[in-house]
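work06.pdb (PDB, C-alpha atoms)
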```
ATOM      1  CA  MET G 271      94.952  99.251 109.323
ATOM      2  CA  ASP G 272      93.451 101.224 112.209
ATOM      3  CA  ALA G 273      94.352 104.880 112.732
ATOM      4  CA  GLU G 274      96.690 104.299 115.680
ATOM      5  CA  ARG G 275      98.788 101.726 113.818
ATOM      6  CA  TYR G 276      98.745 103.818 110.657
ATOM      7  CA  HIS G 277     100.127 106.917 112.341
ATOM      8  CA  ALA G 278     102.615 104.853 114.356
ATOM      9  CA  SER G 279     103.926 103.398 111.115
ATOM     10  CA  THR G 280     104.240 106.879 109.614
ATOM     11  CA  ARG G 281     106.198 108.060 112.658
ATOM     12  CA  ALA G 282     108.500 105.021 112.563
ATOM     13  CA  LEU G 283     109.232 105.557 108.885
ATOM     14  CA  THR G 284     109.884 109.272 109.396
ATOM     15  CA  GLU G 285     112.211 108.721 112.346
ATOM     16  CA  ARG G 286     114.170 106.029 110.509
ATOM     17  CA  LEU G 287     114.694 108.159 107.401
ATOM     18  CA  ALA G 288     115.351 111.391 109.293
ATOM     19  CA  ALA G 289     118.304 109.638 110.941
ATOM     20  CA  ASP G 290     119.815 108.628 107.583
ATOM     21  CA  GLU G 291     121.914 111.369 106.018
ATOM     22  CA  ARG G 292     121.528 109.739 102.617
ATOM     23  CA  VAL G 293     117.854 110.768 102.694
ATOM     24  CA  ARG G 294     117.572 114.399 101.654
ATOM     25  CA  GLY G 295     113.798 114.624 101.718
ATOM     26  CA  LEU G 296     110.627 112.674 102.482
ATOM     27  CA  VAL G 297     107.160 113.822 101.489
ATOM     28  CA  ALA G 298     103.879 112.062 102.245
ATOM     29  CA  VAL G 299     101.315 112.223  99.442
ATOM     30  CA  GLY G 300      97.669 111.234  99.082
ATOM     31  CA  SER G 301      95.954 110.108 102.286
ATOM     32  CA  MET G 302      99.279 109.814 104.104
ATOM     33  CA  ALA G 303      99.671 113.590 103.795
ATOM     34  CA  ALA G 304      96.566 114.023 105.987
ATOM     35  CA  SER G 305      95.980 117.431 104.419
ATOM     36  CA  ASP G 306      92.951 117.470 102.119
ATOM     37  CA  HIS G 307      91.590 114.298 103.728
ATOM     38  CA  GLN G 308      92.524 112.026 106.602
ATOM     39  CA  PRO G 309      93.672 108.421 106.151
ATOM     40  CA  ASP G 310      91.156 105.722 107.007
ATOM     41  CA  GLU G 311      91.305 101.949 107.463
ATOM     42  CA  TRP G 312      91.619 101.474 103.686
ATOM     43  CA  SER G 313      94.436 103.964 103.147
ATOM     44  CA  ASP G 314      97.848 102.959 101.848
ATOM     45  CA  HIS G 315     101.105 104.636 102.755
ATOM     46  CA  ASP G 316     102.182 106.735  99.760
ATOM     47  CA  PHE G 317     105.368 108.766  99.813
ATOM     48  CA  LEU G 318     108.242 110.129  97.734
ATOM     49  CA  MET G 319     111.891 110.227  98.746
ATOM     50  CA  LEU G 320     114.833 112.293  97.577
ATOM     51  CA  VAL G 321     118.089 110.461  98.263
ATOM     52  CA  ALA G 322     121.788 110.760  97.515
ATOM     53  CA  ASP G 323     122.752 109.356  94.114
ATOM     54  CA  GLU G 324     124.597 106.350  95.534
ATOM     55  CA  ALA G 325     121.659 105.389  97.777
ATOM     56  CA  ALA G 326     118.896 105.155  95.185
ATOM     57  CA  THR G 327     119.460 101.499  94.308
ATOM     58  CA  TYR G 328     119.505 100.500  97.975
ATOM     59  CA  PHE G 329     116.227 102.208  98.862
ATOM     60  CA  ARG G 330     114.510 100.773  95.794
ATOM     61  CA  SER G 331     115.723  97.195  96.268
ATOM     62  CA  ALA G 332     116.194  96.666 100.021
ATOM     63  CA  THR G 333     113.423  96.419 102.618
ATOM     64  CA  ASP G 334     115.283  96.491 105.933
ATOM     65  CA  TRP G 335     114.775 100.259 106.225
ATOM     66  CA  LEU G 336     110.984  99.912 106.244
ATOM     67  CA  PRO G 337     108.820  99.593 109.375
ATOM     68  CA  ASP G 338     107.994  95.992 110.319
ATOM     69  CA  HIS G 339     110.046  94.741 107.358
ATOM     70  CA  ALA G 340     109.985  91.142 108.631
ATOM     71  CA  SER G 341     106.251  91.073 107.819
ATOM     72  CA  ILE G 342     106.652  92.061 104.164
ATOM     73  CA  LEU G 343     104.991  89.546 101.863
ATOM     74  CA  LEU G 344     105.580  91.065  98.425
ATOM     75  CA  HIS G 345     108.119  93.593  97.155
ATOM     76  CA  PHE G 346     108.551  94.602  93.516
ATOM     77  CA  PRO G 347     109.491  97.594  91.328
ATOM     78  CA  GLU G 348     106.465  99.148  89.649
ATOM     79  CA  THR G 349     108.316 101.751  87.575
ATOM     80  CA  GLU G 350     111.871 102.982  87.202
ATOM     81  CA  HIS G 351     111.469 104.964  90.424
ATOM     82  CA  GLY G 352     108.414 103.410  92.050
ATOM     83  CA  VAL G 353     108.104 100.404  94.371
ATOM     84  CA  LYS G 354     105.165  98.517  95.850
ATOM     85  CA  ILE G 355     105.268  96.687  99.175
ATOM     86  CA  LEU G 356     102.542  94.370 100.470
ATOM     87  CA  TYR G 357     102.500  93.295 104.114
ATOM     88  CA  GLN G 358     101.082  90.053 105.444
ATOM     89  CA  ASP G 359      98.117  91.919 106.960
ATOM     90  CA  GLY G 360      97.199  93.334 103.534
ATOM     91  CA  HIS G 361      98.585  96.831 104.103
ATOM     92  CA  LEU G 362     100.137  98.434 101.035
ATOM     93  CA  LEU G 363     103.030 100.844 100.631
ATOM     94  CA  GLU G 364     103.575 102.698  97.365
ATOM     95  CA  PHE G 365     106.616 104.910  97.155
ATOM     96  CA  ALA G 366     109.093 106.375  94.693
ATOM     97  CA  VAL G 367     112.779 107.037  95.191
ATOM     98  CA  PHE G 368     114.346 109.943  93.316
ATOM     99  CA  THR G 369     117.747 111.598  93.124
ATOM    100  CA  ALA G 370     118.356 115.309  92.696
ATOM    101  CA  ALA G 371     118.589 114.847  88.935
ATOM    102  CA  ASP G 372     115.170 113.259  88.456
ATOM    103  CA  PHE G 373     112.960 114.458  91.330
ATOM    104  CA  ASP G 374     111.234 116.985  89.074
ATOM    105  CA  LEU G 375     109.701 114.079  87.143
ATOM    106  CA  ALA G 376     107.307 113.517  90.051
ATOM    107  CA  ARG G 377     103.802 114.950  90.148
ATOM    108  CA  ILE G 378     102.354 115.969  93.511
ATOM    109  CA  ASN G 379      99.070 117.410  94.746
ATOM    110  CA  SER G 380      98.182 116.657  98.402
ATOM    111  CA  GLN G 381     101.446 116.555 100.350
ATOM    112  CA  ARG G 382     103.149 116.945 103.727
ATOM    113  CA  VAL G 383     106.920 117.185 104.053
ATOM    114  CA  LEU G 384     108.232 114.866 106.772
ATOM    115  CA  VAL G 385     111.978 115.161 106.277
ATOM    116  CA  ASP G 386     113.534 118.359 104.941
ATOM    117  CA  ARG G 387     117.185 118.842 104.058
ATOM    118  CA  ASP G 388     118.731 121.232 101.543
ATOM    119  CA  GLY G 389     115.532 123.232 101.027
ATOM    120  CA  PHE G 390     113.444 120.186 100.144
ATOM    121  CA  THR G 391     110.198 121.876 101.254
ATOM    122  CA  ASP G 392     110.724 124.675  98.727
ATOM    123  CA  ARG G 393     111.411 122.138  95.995
ATOM    124  CA  VAL G 394     108.207 120.280  96.824
ATOM    125  CA  ALA G 395     106.230 123.539  96.741
ATOM    126  CA  ARG G 396     107.561 124.280  93.252
ATOM    127  CA  LEU G 397     106.661 120.770  92.143
ATOM    128  CA  VAL G 398     103.108 121.135  93.469
ATOM    129  CA  ALA G 399     102.762 124.387  91.518
ATOM    130  CA  ASP G 400     104.168 122.744  88.400
ATOM    131  CA  THR G 401     101.740 119.842  88.803
ATOM    132  CA  ARG G 402      98.772 122.197  89.053
ATOM    133  CA  ALA G 403      99.923 124.168  86.024
ATOM    134  CA  SER G 404     100.471 120.968  84.066
ATOM    135  CA  ALA G 405      97.025 119.631  84.966
ATOM    136  CA  ALA G 406      95.432 122.921  83.934
ATOM    137  CA  GLY G 407      97.380 122.929  80.701
ATOM    138  CA  GLU G 408      96.201 119.432  79.846
ATOM    139  CA  THR G 409      92.532 120.414  80.067
ATOM    140  CA  LYS G 410      90.586 119.230  77.037
ATOM    141  CA  SER G 411      87.750 121.242  75.543
ATOM    142  CA  ASP G 412      84.129 120.359  76.248
ATOM    143  CA  ALA G 413      83.590 119.564  72.582
ATOM    144  CA  TRP G 414      86.534 117.144  72.623
ATOM    145  CA  LEU G 415      85.278 115.384  75.758
ATOM    146  CA  LEU G 416      81.732 115.151  74.401
ATOM    147  CA  GLY G 417      83.003 113.683  71.150
ATOM    148  CA  GLN G 418      85.215 111.239  73.009
ATOM    149  CA  PHE G 419      82.368 110.157  75.284
ATOM    150  CA  LEU G 420      79.962 109.509  72.423
ATOM    151  CA  THR G 421      82.501 107.697  70.259
ATOM    152  CA  HIS G 422      83.920 105.662  73.142
ATOM    153  CA  LEU G 423      80.408 104.398  73.802
ATOM    154  CA  LEU G 424      79.865 103.725  70.109
ATOM    155  CA  VAL G 425      83.074 101.695  69.805
ATOM    156  CA  GLY G 426      82.163  99.846  72.964
ATOM    157  CA  LEU G 427      78.787  98.868  71.537
ATOM    158  CA  GLY G 428      80.418  97.573  68.378
ATOM    159  CA  ARG G 429      82.981  95.537  70.278
ATOM    160  CA  HIS G 430      80.255  94.095  72.479
ATOM    161  CA  ALA G 431      78.067  93.204  69.493
ATOM    162  CA  ARG G 432      81.028  91.499  67.831
ATOM    163  CA  GLY G 433      81.519  89.336  70.883
ATOM    164  CA  GLU G 434      84.504  91.283  72.249
ATOM    165  CA  HIS G 435      82.754  91.791  75.560
ATOM    166  CA  LEU G 436      85.840  92.668  77.597
ATOM    167  CA  SER G 437      86.930  95.372  75.166
ATOM    168  CA  GLY G 438      83.376  96.670  74.842
ATOM    169  CA  ARG G 439      82.991  96.927  78.599
ATOM    170  CA  ARG G 440      86.287  98.794  78.856
ATOM    171  CA  HIS G 441      85.316 101.401  76.261
ATOM    172  CA  VAL G 442      81.997 102.090  77.952
ATOM    173  CA  LYS G 443      82.768 101.713  81.639
ATOM    174  CA  GLU G 444      86.337 102.999  81.709
ATOM    175  CA  PHE G 445      87.039 105.312  78.765
ATOM    176  CA  GLY G 446      83.509 106.701  78.434
ATOM    177  CA  LEU G 447      83.160 107.047  82.187
ATOM    178  CA  ALA G 448      86.391 109.060  82.423
ATOM    179  CA  ASP G 449      85.114 111.487  79.770
ATOM    180  CA  LEU G 450      81.810 111.893  81.581
ATOM    181  CA  LEU G 451      83.420 112.416  84.988
ATOM    182  CA  GLN G 452      85.600 115.206  83.618
ATOM    183  CA  LEU G 453      82.581 116.975  82.151
ATOM    184  CA  LEU G 454      80.485 116.582  85.296
ATOM    185  CA  SER G 455      83.214 117.771  87.659
ATOM    186  CA  ARG G 456      83.887 120.753  85.395
ATOM    187  CA  HIS G 457      80.303 121.963  85.030
ATOM    188  CA  LYS G 458      78.256 120.695  87.975
ATOM    189  CA  ALA G 459      78.418 122.405  91.350
ATOM    190  CA  ALA G 460      79.591 120.055  94.070
ATOM    191  CA  GLU G 461      76.747 118.497  96.055
ATOM    192  CA  ALA G 462      78.862 118.221  99.204
ATOM    193  CA  GLU G 463      82.261 119.243 100.514
ATOM    194  CA  GLY G 464      85.021 117.189  98.954
ATOM    195  CA  HIS G 465      88.402 117.488  97.365
ATOM    196  CA  LEU G 466      88.631 116.113  93.850
ATOM    197  CA  ASP G 467      92.002 114.829  92.727
ATOM    198  CA  ASN G 468      93.545 116.863  89.892
ATOM    199  CA  LEU G 469      95.629 113.835  88.882
ATOM    200  CA  ASP G 470      92.838 111.237  88.871
ATOM    201  CA  VAL G 471      89.280 112.195  87.948
ATOM    202  CA  PHE G 472      87.891 109.036  89.580
ATOM    203  CA  ARG G 473      89.230 109.785  93.070
ATOM    204  CA  ARG G 474      86.717 110.991  95.687
ATOM    205  CA  PHE G 475      84.095 111.876  93.078
ATOM    206  CA  GLU G 476      81.342 110.430  95.295
ATOM    207  CA  ARG G 477      82.358 112.671  98.203
ATOM    208  CA  ALA G 478      81.782 115.805  96.166
ATOM    209  CA  TYR G 479      78.846 114.413  94.169
ATOM    210  CA  PRO G 480      77.072 111.750  96.267
ATOM    211  CA  GLN G 481      73.877 111.708  94.173
ATOM    212  CA  LEU G 482      75.664 111.653  90.822
ATOM    213  CA  GLY G 483      78.080 109.090  92.176
ATOM    214  CA  MET G 484      75.205 106.841  93.196
ATOM    215  CA  GLU G 485      73.578 107.172  89.766
ATOM    216  CA  LEU G 486      76.836 106.411  87.965
ATOM    217  CA  ASN G 487      77.605 103.418  90.135
ATOM    218  CA  ARG G 488      74.090 102.120  89.519
ATOM    219  CA  ALA G 489      74.659 102.511  85.771
ATOM    220  CA  LEU G 490      78.008 100.726  85.930
ATOM    221  CA  GLU G 491      76.437  97.758  87.696
ATOM    222  CA  GLN G 492      74.270  97.133  84.627
ATOM    223  CA  PRO G 493      75.309  95.005  81.608
ATOM    224  CA  THR G 494      77.341  96.945  79.063
ATOM    225  CA  LEU G 495      74.514  97.966  76.710
ATOM    226  CA  ARG G 496      72.223  99.073  79.513
ATOM    227  CA  SER G 497      75.130 100.850  81.185
ATOM    228  CA  ALA G 498      75.842 102.807  77.998
ATOM    229  CA  LEU G 499      72.188 103.844  77.746
ATOM    230  CA  ASP G 500      72.068 104.969  81.388
ATOM    231  CA  MET G 501      75.254 107.004  80.975
ATOM    232  CA  LEU G 502      73.863 108.647  77.842
ATOM    233  CA  ASP G 503      70.669 109.479  79.741
ATOM    234  CA  LEU G 504      72.715 111.051  82.518
ATOM    235  CA  LEU G 505      74.704 113.152  80.055
ATOM    236  CA  GLU G 506      71.557 114.508  78.440
ATOM    237  CA  ALA G 507      69.865 115.116  81.803
ATOM    238  CA  GLU G 508      72.789 116.920  83.421
ATOM    239  CA  LEU G 509      74.772 118.516  80.596
ATOM    240  CA  SER G 510      72.411 119.078  77.679
ATOM    241  CA  GLY G 511      73.433 122.736  77.592
ATOM    242  CA  LEU G 512      76.899 121.729  76.431
ATOM    243  CA  MET G 513      75.604 119.769  73.454
ATOM    244  CA  ASP G 514      75.275 121.505  70.121
ATOM    245  CA  ALA G 515      73.186 120.176  67.245
ATOM    246  CA  THR G 516      75.905 117.784  66.084
ATOM    247  CA  HIS G 517      76.341 116.284  69.561
ATOM    248  CA  GLN G 518      72.584 115.876  69.877
ATOM    249  CA  ALA G 519      72.401 114.177  66.489
ATOM    250  CA  ALA G 520      75.272 111.854  67.411
ATOM    251  CA  ALA G 521      73.593 111.032  70.720
ATOM    252  CA  GLY G 522      70.426 110.174  68.792
ATOM    253  CA  VAL G 523      72.332 107.800  66.504
ATOM    254  CA  LEU G 524      73.979 106.208  69.522
ATOM    255  CA  ARG G 525      70.685 105.788  71.356
ATOM    256  CA  ALA G 526      69.110 104.147  68.326
ATOM    257  CA  LYS G 527      71.984 101.675  68.037
ATOM    258  CA  ILE G 528      71.776 100.795  71.723
ATOM    259  CA  ASN G 529      68.036 100.226  71.539
ATOM    260  CA  GLU G 530      68.469  98.111  68.412
ATOM    261  CA  LEU G 531      70.994  95.906  70.191
ATOM    262  CA  LEU G 532      68.784  95.667  73.277
ATOM    263  CA  SER G 533      65.710  94.637  71.300
TER     264      SER G 533
END
```
Would you put the structure from the file into structure tokens?
Amino acid sequence: MDAERYHASTRALTERLAADERVRGLVAVGSMAASDHQPDEWSDHDFLMLVADEAATYFRSATDWLPDHASILLHFPETEHGVKILYQDGHLLEFAVFTAADFDLARINSQRVLVDRDGFTDRVARLVADTRASAAGETKSDAWLLGQFLTHLLVGLGRHARGEHLSGRRHVKEFGLADLLQLLSRHKAAEAEGHLDNLDVFRRFERAYPQLGMELNRALEQPTLRSALDMLDLLEAELSGLMDATHQAAAGVLRAKINELLS
């Protein structure tokens, strides 16, 4: 969706919901917030709503309140509060509808309040602060992440060797990658300006670390065993200072197993 249509859709949604007294608050999140980063042609519309108790079911199940609702192709509940909408042109809406009793279950980082009633902006600000505190509190130690990375790769190799290629690929290229991204973003200075997502370590990593992002993507394009070896090489090249003698010994065992399987 081009920028003009995107912003027109945001305005139409905001105007429609601002006119409905059942809607007590609307906050754009992610790219739709246009705060840390601007939406582009690939951006979805992502937003959260606070509504009166009796209106929650309507806003989760009906579509006539949405812009261009006649062009909706797919509509389904993703979670208890969340809904996904797919339009015929491929544009995606992801939103969640909360009541006063359950709004604090949401987690928010980038945001822009579009409809504010009953002090909604203050409530969003508290939720953003809670989200940041929660993300900081969930931080795992370097030793834990290093151990997870090495053992995720090891399990992945075993699954692959056993013929469980899908599971092996997942352990290396999803679980192991997530461990490595957390370590890199924690200890490597950003190569370029960018805003990492404190709720999703994968988001916008390449903007902040274009060179590392290129190397990781190149590694992920390789078959599973080669990918594991390239990721291990990158760990040792970039973060060797974090590895104590036990991590180095474990990395050596892992490297030997990979090379044995590759031979």
Can you report as AutoDock Vina command-line options the centre and edge lengths in Å, to one decimal, of an axis-aligned box around the listed atoms of region 500-514 of chain G padded with 5 Å on each side?
```
--center_x 73.4 --center_y 113.9 --center_z 76.8 --size_x 17.0 --size_y 27.8 --size_z 23.3
```
Test item: the PyMOL selection byres ((chain G and resi 385-391) around 12) resolved as a count of residues only
39
Could you list, as JSON, numbers by chain, every residue within 10 Å of Glu350 (chain G), counting only C-alpha atoms and ignoring same-chain residues fewer than 3 positions away?
{"G": [330, 347, 353, 366, 367, 368]}
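With distances restricted to only C-alpha atoms, G:Val425 is the closest residue to His441 (chain G) from G:Val425, G:Leu336, G:Ala520, G:His351.
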Using only C-alpha atoms, the best pick from G:Leu509, G:Ile342, G:Ala459, G:Leu420 as closest to Gly522 (chain G) would be G:Leu420
Write out as a PyMOL selection string each polymer residue whose atoms come within 12 Å of Gly483 (chain G), counting only C-alpha atoms; drop sequence neighbours fewer than 3 positions from it.
chain G and resi 447+450-451+454-455+460-462+472-480+486-490+501+504
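Take CA of Gln358 (chain G) and CA of Leu344 (chain G): the distance between them is 8.4 Å.
CA of Glu364 (chain G) is positioned 14.2 Å from CA of Ala332 (chain G).
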Interatomic distance, CA of Asp334 (chain G) to CA of Met271 (chain G) (Å, one decimal):
20.8 Å
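With all atoms listed in the file as the atoms that count, the residue of G:Leu375, G:Ala303, G:Ala282, G:Ala413 with the shortest distance to Leu512 (chain G) is G:Ala413.
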